[in-house]
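Coordinates as given in query-v1.tsv (TSV, C-alpha atoms):
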```tsv
chain	number	residue	atom	x	y	z
E	348	MET	CA	33.02	-78.59	94.67
E	349	GLN	CA	32.38	-75.42	96.70
E	350	PHE	CA	32.17	-71.96	95.16
E	351	GLU	CA	32.31	-68.69	97.07
E	352	ASP	CA	30.69	-66.47	94.44
E	353	PRO	CA	27.99	-67.32	91.87
E	354	GLN	CA	30.07	-66.30	88.84
E	355	GLU	CA	32.62	-68.99	89.74
E	356	ILE	CA	30.10	-71.70	88.78
E	357	PRO	CA	29.58	-70.85	85.09
E	358	LEU	CA	33.28	-69.96	84.76
E	359	TYR	CA	34.25	-73.39	86.07
E	360	LEU	CA	31.71	-75.12	83.80
E	361	CYS	CA	32.64	-73.28	80.59
E	362	GLU	CA	36.35	-73.97	81.21
E	363	LYS	CA	35.60	-77.63	81.86
E	364	LYS	CA	33.70	-77.77	78.55
E	365	ALA	CA	36.63	-76.13	76.73
E	366	ASN	CA	39.06	-78.66	78.21
E	367	ALA	CA	37.11	-81.44	76.50
E	368	PHE	CA	38.44	-80.14	73.16
E	369	ASP	CA	42.17	-80.37	74.01
E	370	GLU	CA	42.94	-82.91	71.29
E	371	GLU	CA	41.01	-81.03	68.57
E	372	ILE	CA	42.70	-77.67	69.09
E	373	ASN	CA	45.38	-76.75	66.56
E	374	ASP	CA	47.26	-73.53	65.69
E	375	THR	CA	44.25	-71.94	63.98
E	376	THR	CA	41.46	-73.14	66.27
E	377	ILE	CA	39.59	-71.09	68.83
E	378	VAL	CA	37.08	-73.02	70.90
E	379	ILE	CA	34.26	-70.99	72.45
E	380	THR	CA	32.25	-72.56	75.26
E	381	ALA	CA	29.65	-71.07	77.58
E	382	ASP	CA	27.48	-71.98	80.52
E	383	THR	CA	24.65	-70.04	82.11
E	384	ILE	CA	23.13	-70.17	85.59
E	385	VAL	CA	20.18	-68.43	87.21
E	386	TRP	CA	20.91	-67.19	90.75
E	387	ILE	CA	18.24	-66.25	93.28
E	388	ASN	CA	18.27	-66.06	97.07
E	389	GLY	CA	21.74	-67.59	97.27
E	390	GLN	CA	20.92	-70.63	95.18
E	391	VAL	CA	21.46	-71.85	91.63
E	392	LEU	CA	18.55	-72.76	89.41
E	393	ASN	CA	19.83	-75.19	86.81
E	394	LYS	CA	17.75	-76.88	84.15
E	395	PRO	CA	14.61	-78.43	85.67
E	396	GLU	CA	14.41	-82.18	86.04
E	397	ASN	CA	10.65	-82.45	85.47
E	398	PHE	CA	7.34	-80.57	85.49
E	399	ASP	CA	7.26	-80.15	89.28
E	400	ASP	CA	10.84	-78.89	89.38
E	401	ALA	CA	10.09	-76.35	86.62
E	402	ALA	CA	6.99	-75.17	88.53
E	403	ARG	CA	9.04	-74.83	91.72
E	404	MET	CA	11.62	-72.68	89.96
E	405	LEU	CA	9.06	-70.46	88.26
E	406	LYS	CA	7.23	-69.93	91.57
E	407	LEU	CA	10.54	-68.86	93.09
E	408	LEU	CA	11.17	-66.39	90.25
E	409	SER	CA	7.61	-65.06	90.32
E	410	GLY	CA	7.47	-61.41	91.37
E	411	ASN	CA	11.19	-61.38	92.13
E	412	VAL	CA	14.52	-60.20	90.75
E	413	HIS	CA	17.14	-62.79	89.89
E	414	GLU	CA	20.59	-62.74	88.37
E	415	VAL	CA	21.76	-64.54	85.26
E	416	TYR	CA	25.47	-65.33	84.99
E	417	THR	CA	27.04	-66.64	81.82
E	418	GLY	CA	30.64	-67.77	81.83
E	419	VAL	CA	32.43	-67.85	78.47
E	420	CYS	CA	35.76	-69.50	77.75
E	421	LEU	CA	37.91	-68.80	74.67
E	422	ARG	CA	40.54	-71.45	74.19
E	423	SER	CA	43.33	-71.67	71.66
E	424	LYS	CA	46.36	-73.93	71.58
E	425	ASN	CA	48.44	-71.61	73.77
E	426	LYS	CA	45.93	-69.48	75.61
E	427	THR	CA	42.74	-69.66	77.65
E	428	ARG	CA	40.70	-66.56	78.38
E	429	SER	CA	37.50	-66.66	80.45
E	430	PHE	CA	35.01	-64.00	81.47
E	431	TYR	CA	31.49	-63.75	82.80
E	432	THR	CA	28.54	-61.44	82.27
E	433	LEU	CA	25.86	-60.62	84.84
E	434	THR	CA	22.30	-59.52	84.05
E	435	LYS	CA	19.43	-58.78	86.44
E	436	VAL	CA	15.98	-59.96	85.39
E	437	TYR	CA	12.71	-58.78	86.95
E	438	PHE	CA	9.70	-61.11	86.70
E	439	LYS	CA	6.09	-60.10	87.11
E	440	LYS	CA	4.00	-61.97	89.66
E	441	LEU	CA	2.82	-65.22	88.09
E	442	SER	CA	-0.36	-67.17	88.72
E	443	GLN	CA	-0.34	-70.94	89.02
E	444	GLU	CA	-2.27	-71.08	85.73
E	445	GLU	CA	0.39	-69.02	83.92
E	446	ILE	CA	3.15	-71.24	85.28
E	447	GLU	CA	1.36	-74.43	84.21
E	448	PHE	CA	0.51	-72.98	80.78
E	449	TYR	CA	4.13	-72.05	80.17
E	450	ILE	CA	5.47	-75.45	81.21
E	451	LYS	CA	2.91	-77.30	79.07
E	452	ASN	CA	3.27	-75.10	75.97
E	453	TYR	CA	6.96	-74.19	75.94
E	454	ASN	CA	10.12	-76.15	76.52
E	455	PRO	CA	11.50	-75.10	79.91
E	456	PHE	CA	13.42	-78.33	80.42
E	457	ASP	CA	16.53	-77.27	78.51
E	458	LYS	CA	16.79	-73.82	80.11
E	459	ALA	CA	18.44	-72.70	83.34
E	460	GLY	CA	15.73	-71.38	85.64
E	461	SER	CA	13.00	-73.05	83.54
E	462	TYR	CA	12.41	-70.16	81.14
E	463	GLY	CA	13.62	-68.67	77.88
E	464	ALA	CA	13.86	-64.87	77.88
E	465	GLN	CA	12.88	-64.73	74.21
E	466	GLU	CA	9.54	-66.33	75.12
E	467	CYS	CA	8.83	-64.04	78.06
E	468	LEU	CA	8.97	-60.50	76.73
E	469	PRO	CA	5.94	-58.22	76.77
E	470	ASP	CA	4.68	-57.15	73.36
E	471	GLY	CA	6.83	-54.34	72.02
E	472	MET	CA	9.54	-54.55	74.69
E	473	ASN	CA	13.06	-53.95	73.41
E	474	PRO	CA	15.07	-56.10	75.80
E	475	CYS	CA	18.52	-54.94	74.69
E	476	SER	CA	20.64	-52.48	76.61
E	477	LYS	CA	21.66	-49.20	74.97
E	478	ASP	CA	25.16	-50.64	74.50
E	479	GLU	CA	23.78	-53.75	72.79
E	480	ILE	CA	21.62	-51.62	70.48
E	481	ALA	CA	24.65	-49.50	69.52
E	482	PHE	CA	26.73	-52.65	69.01
E	483	LEU	CA	24.11	-54.30	66.78
E	484	THR	CA	23.61	-51.08	64.84
E	485	LYS	CA	27.37	-50.78	64.25
E	486	LEU	CA	27.42	-54.32	62.86
E	487	ASN	CA	24.25	-53.70	60.83
E	488	LYS	CA	22.57	-56.53	62.77
E	489	ILE	CA	19.77	-54.60	64.48
E	490	GLY	CA	17.37	-57.22	63.06
E	491	LEU	CA	18.59	-59.62	65.75
E	492	ILE	CA	16.48	-57.70	68.22
E	493	GLU	CA	13.30	-58.15	66.22
E	494	SER	CA	13.99	-61.79	65.44
E	495	SER	CA	14.64	-62.60	69.10
E	496	ASN	CA	11.70	-60.60	70.45
E	497	ALA	CA	8.74	-62.98	70.70
E	498	LYS	CA	5.43	-61.16	70.35
E	499	MET	CA	2.93	-61.77	73.11
E	500	GLN	CA	-0.72	-60.88	73.61
E	501	SER	CA	-1.59	-59.89	77.16
E	502	GLY	CA	-3.57	-62.46	79.08
E	503	THR	CA	-2.31	-65.48	77.13
E	504	GLY	CA	-0.78	-67.07	80.19
E	505	HIS	CA	2.83	-66.44	79.26
E	506	ILE	CA	5.44	-65.80	81.86
E	507	GLU	CA	6.47	-62.19	81.61
E	508	VAL	CA	9.73	-60.36	82.20
E	509	GLU	CA	9.11	-56.82	83.46
E	510	LYS	CA	12.63	-55.49	83.05
E	511	ILE	CA	16.16	-56.55	82.14
E	512	GLU	CA	19.23	-54.73	83.47
E	513	GLY	CA	22.27	-55.67	81.45
E	514	SER	CA	22.76	-57.95	78.47
E	515	TYR	CA	19.63	-59.52	77.01
E	516	PHE	CA	21.74	-61.95	74.99
E	517	ASN	CA	23.42	-63.02	78.23
E	518	VAL	CA	20.03	-64.17	79.52
E	519	MET	CA	19.63	-66.16	76.31
E	520	GLY	CA	22.96	-67.88	77.03
E	521	LEU	CA	25.65	-66.02	75.06
E	522	PRO	CA	26.56	-62.36	75.65
E	523	ILE	CA	27.44	-61.57	72.04
E	524	MET	CA	28.68	-58.01	72.56
E	525	GLU	CA	31.03	-59.05	75.35
E	526	LEU	CA	32.18	-62.09	73.33
E	527	TYR	CA	32.96	-59.86	70.35
E	528	GLU	CA	35.02	-57.53	72.57
E	529	GLU	CA	36.97	-60.45	74.04
E	530	LEU	CA	37.66	-61.93	70.61
E	531	LEU	CA	39.19	-58.62	69.54
E	532	LYS	CA	41.70	-58.99	72.41
E	533	ILE	CA	43.04	-62.33	71.17
```
So, in terms of structure tokens, how does the structure I just supplied come out?
Amino acid sequence: MQFEDPQEIPLYLCEKKANAFDEEINDTTIVITADTIVWINGQVLNKPENFDDAARMLKLLSGNVHEVYTGVCLRSKNKTRSFYTLTKVYFKKLSQEEIEFYIKNYNPFDKAGSYGAQECLPDGMNPCSKDEIAFLTKLNKIGLIESSNAKMQSGTGHIEVEKIEGSYFNVMGLPIMELYEELLKI
């Protein structure tokens, strides 16, 4: 299947996942499915197949900016609504030792692009956008930031995100603020 724009990929995949629940959907059911891709230099970075594939991806991300797209599908018996969220992620330059340490000590094999944002934040960085902070504060869930913010010590060999533009939770695989807003529309 050919796609013209990167957001078409996670939209297609989340809708395909939702379609798998056709027989389980009744009048009171809402199925929520999502899929996330990492996009850099015109290519998709899916989940890595092995150590070498994870190292290849992390080398590609090293010192660069990439985009994370998450497609979300809301499906009820009579309606399907899909949307996507885009976030830009800036990585610091990584050494070969940092890449190998991360792959050996974390689980990059179930993550698009071979990394988990929650594992890659500098100590003390608040990764959430101002809108996400306001949203979490409104819901009295500001603790989600602290619980998702992994503490790091400099020089430990972790992969490090320098900056996130957009939804932090999107990079983790589910843009919760955007999902909440879409659910209110149903």
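Among the candidate residues E:Glu362, E:Glu512, E:Glu444, E:Glu529, the one lying nearest to Pro474 in chain E is E:Glu512, with distances computed using only C-alpha atoms.
Using all atoms listed in the file, every residue with an atom at most 10 Å from the point (11.5, -51.3, 83.6) is listed here: Val436, Tyr437, Met472, Pro474, Val508, Glu509, Lys510, Ile511 and Glu512 of chain E.
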Selected residues, C-alpha atoms, written as a CSV table (one decimal), keeping the file's coordinate frame, please.
```csv
chain,number,residue,atom,x,y,z
E,436,VAL,CA,16.0,-60.0,85.4
E,437,TYR,CA,12.7,-58.8,87.0
E,472,MET,CA,9.5,-54.6,74.7
E,474,PRO,CA,15.1,-56.1,75.8
E,508,VAL,CA,9.7,-60.4,82.2
E,509,GLU,CA,9.1,-56.8,83.5
E,510,LYS,CA,12.6,-55.5,83.0
E,511,ILE,CA,16.2,-56.6,82.1
E,512,GLU,CA,19.2,-54.7,83.5
```
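Proximity ranking of E:Asp399, E:Lys424, E:Phe350, E:Leu408 relative to Glu370 in chain E places E:Lys424 first, based on all atoms listed in the file.
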query: From the set E:Glu445, E:Asp352, E:Glu466, E:Glu414, which residue has the shortest atom-to-atom contact distance to Leu392 in chain E, counting all atoms listed in the file?
result: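 Residue with the minimum atom-to-atom distance to Leu392 in chain E: E:Glu414.
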Write out, as CSV, each residue of range 446-532 of chain E that has an atom at most 12 Å from range 378-387 of chain E, together with the closest pair of atoms and their distance in Å to one decimal, counting all atoms listed in the file, rows going by chain and rising number.
```
residue,atom,partner,partner_atom,distance
E:Asp457,CA,E:Thr383,CA,11.5
E:Lys458,CA,E:Thr383,CA,8.9
E:Ala459,CA,E:Ile384,CA,5.8
E:Gly460,CA,E:Val385,CA,5.6
E:Ser461,CA,E:Val385,CA,9.3
E:Tyr462,CA,E:Val385,CA,10.0
E:Gly463,CA,E:Val385,CA,11.4
E:Ala464,CA,E:Val385,CA,11.8
E:Phe516,CA,E:Thr383,CA,11.2
E:Asn517,CA,E:Thr383,CA,8.1
E:Val518,CA,E:Thr383,CA,7.9
E:Met519,CA,E:Thr383,CA,8.6
E:Gly520,CA,E:Thr383,CA,5.8
E:Leu521,CA,E:Ala381,CA,6.9
E:Pro522,CA,E:Ala381,CA,9.4
E:Ile523,CA,E:Ala381,CA,11.2
E:Leu526,CA,E:Ile379,CA,9.2
E:Tyr527,CA,E:Ile379,CA,11.4
E:Glu529,CA,E:Ile379,CA,11.0
E:Leu530,CA,E:Ile379,CA,9.9
```
Expected file: the selected residues, C-alpha atoms, as a short mmCIF file (atom, residue, chain, number, x, y, z; two decimals), in the coordinates of the input:
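Saved the output as part-v1.cif:
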```
data_model
loop_
_atom_site.label_atom_id
_atom_site.label_comp_id
_atom_site.auth_asym_id
_atom_site.auth_seq_id
_atom_site.Cartn_x
_atom_site.Cartn_y
_atom_site.Cartn_z
CA ASP E 457 16.53 -77.27 78.51
CA LYS E 458 16.79 -73.82 80.11
CA ALA E 459 18.44 -72.70 83.34
CA GLY E 460 15.73 -71.38 85.64
CA SER E 461 13.00 -73.05 83.54
CA TYR E 462 12.41 -70.16 81.14
CA GLY E 463 13.62 -68.67 77.88
CA ALA E 464 13.86 -64.87 77.88
CA PHE E 516 21.74 -61.95 74.99
CA ASN E 517 23.42 -63.02 78.23
CA VAL E 518 20.03 -64.17 79.52
CA MET E 519 19.63 -66.16 76.31
CA GLY E 520 22.96 -67.88 77.03
CA LEU E 521 25.65 -66.02 75.06
CA PRO E 522 26.56 -62.36 75.65
CA ILE E 523 27.44 -61.57 72.04
CA LEU E 526 32.18 -62.09 73.33
CA TYR E 527 32.96 -59.86 70.35
CA GLU E 529 36.97 -60.45 74.04
CA LEU E 530 37.66 -61.93 70.61
#
```
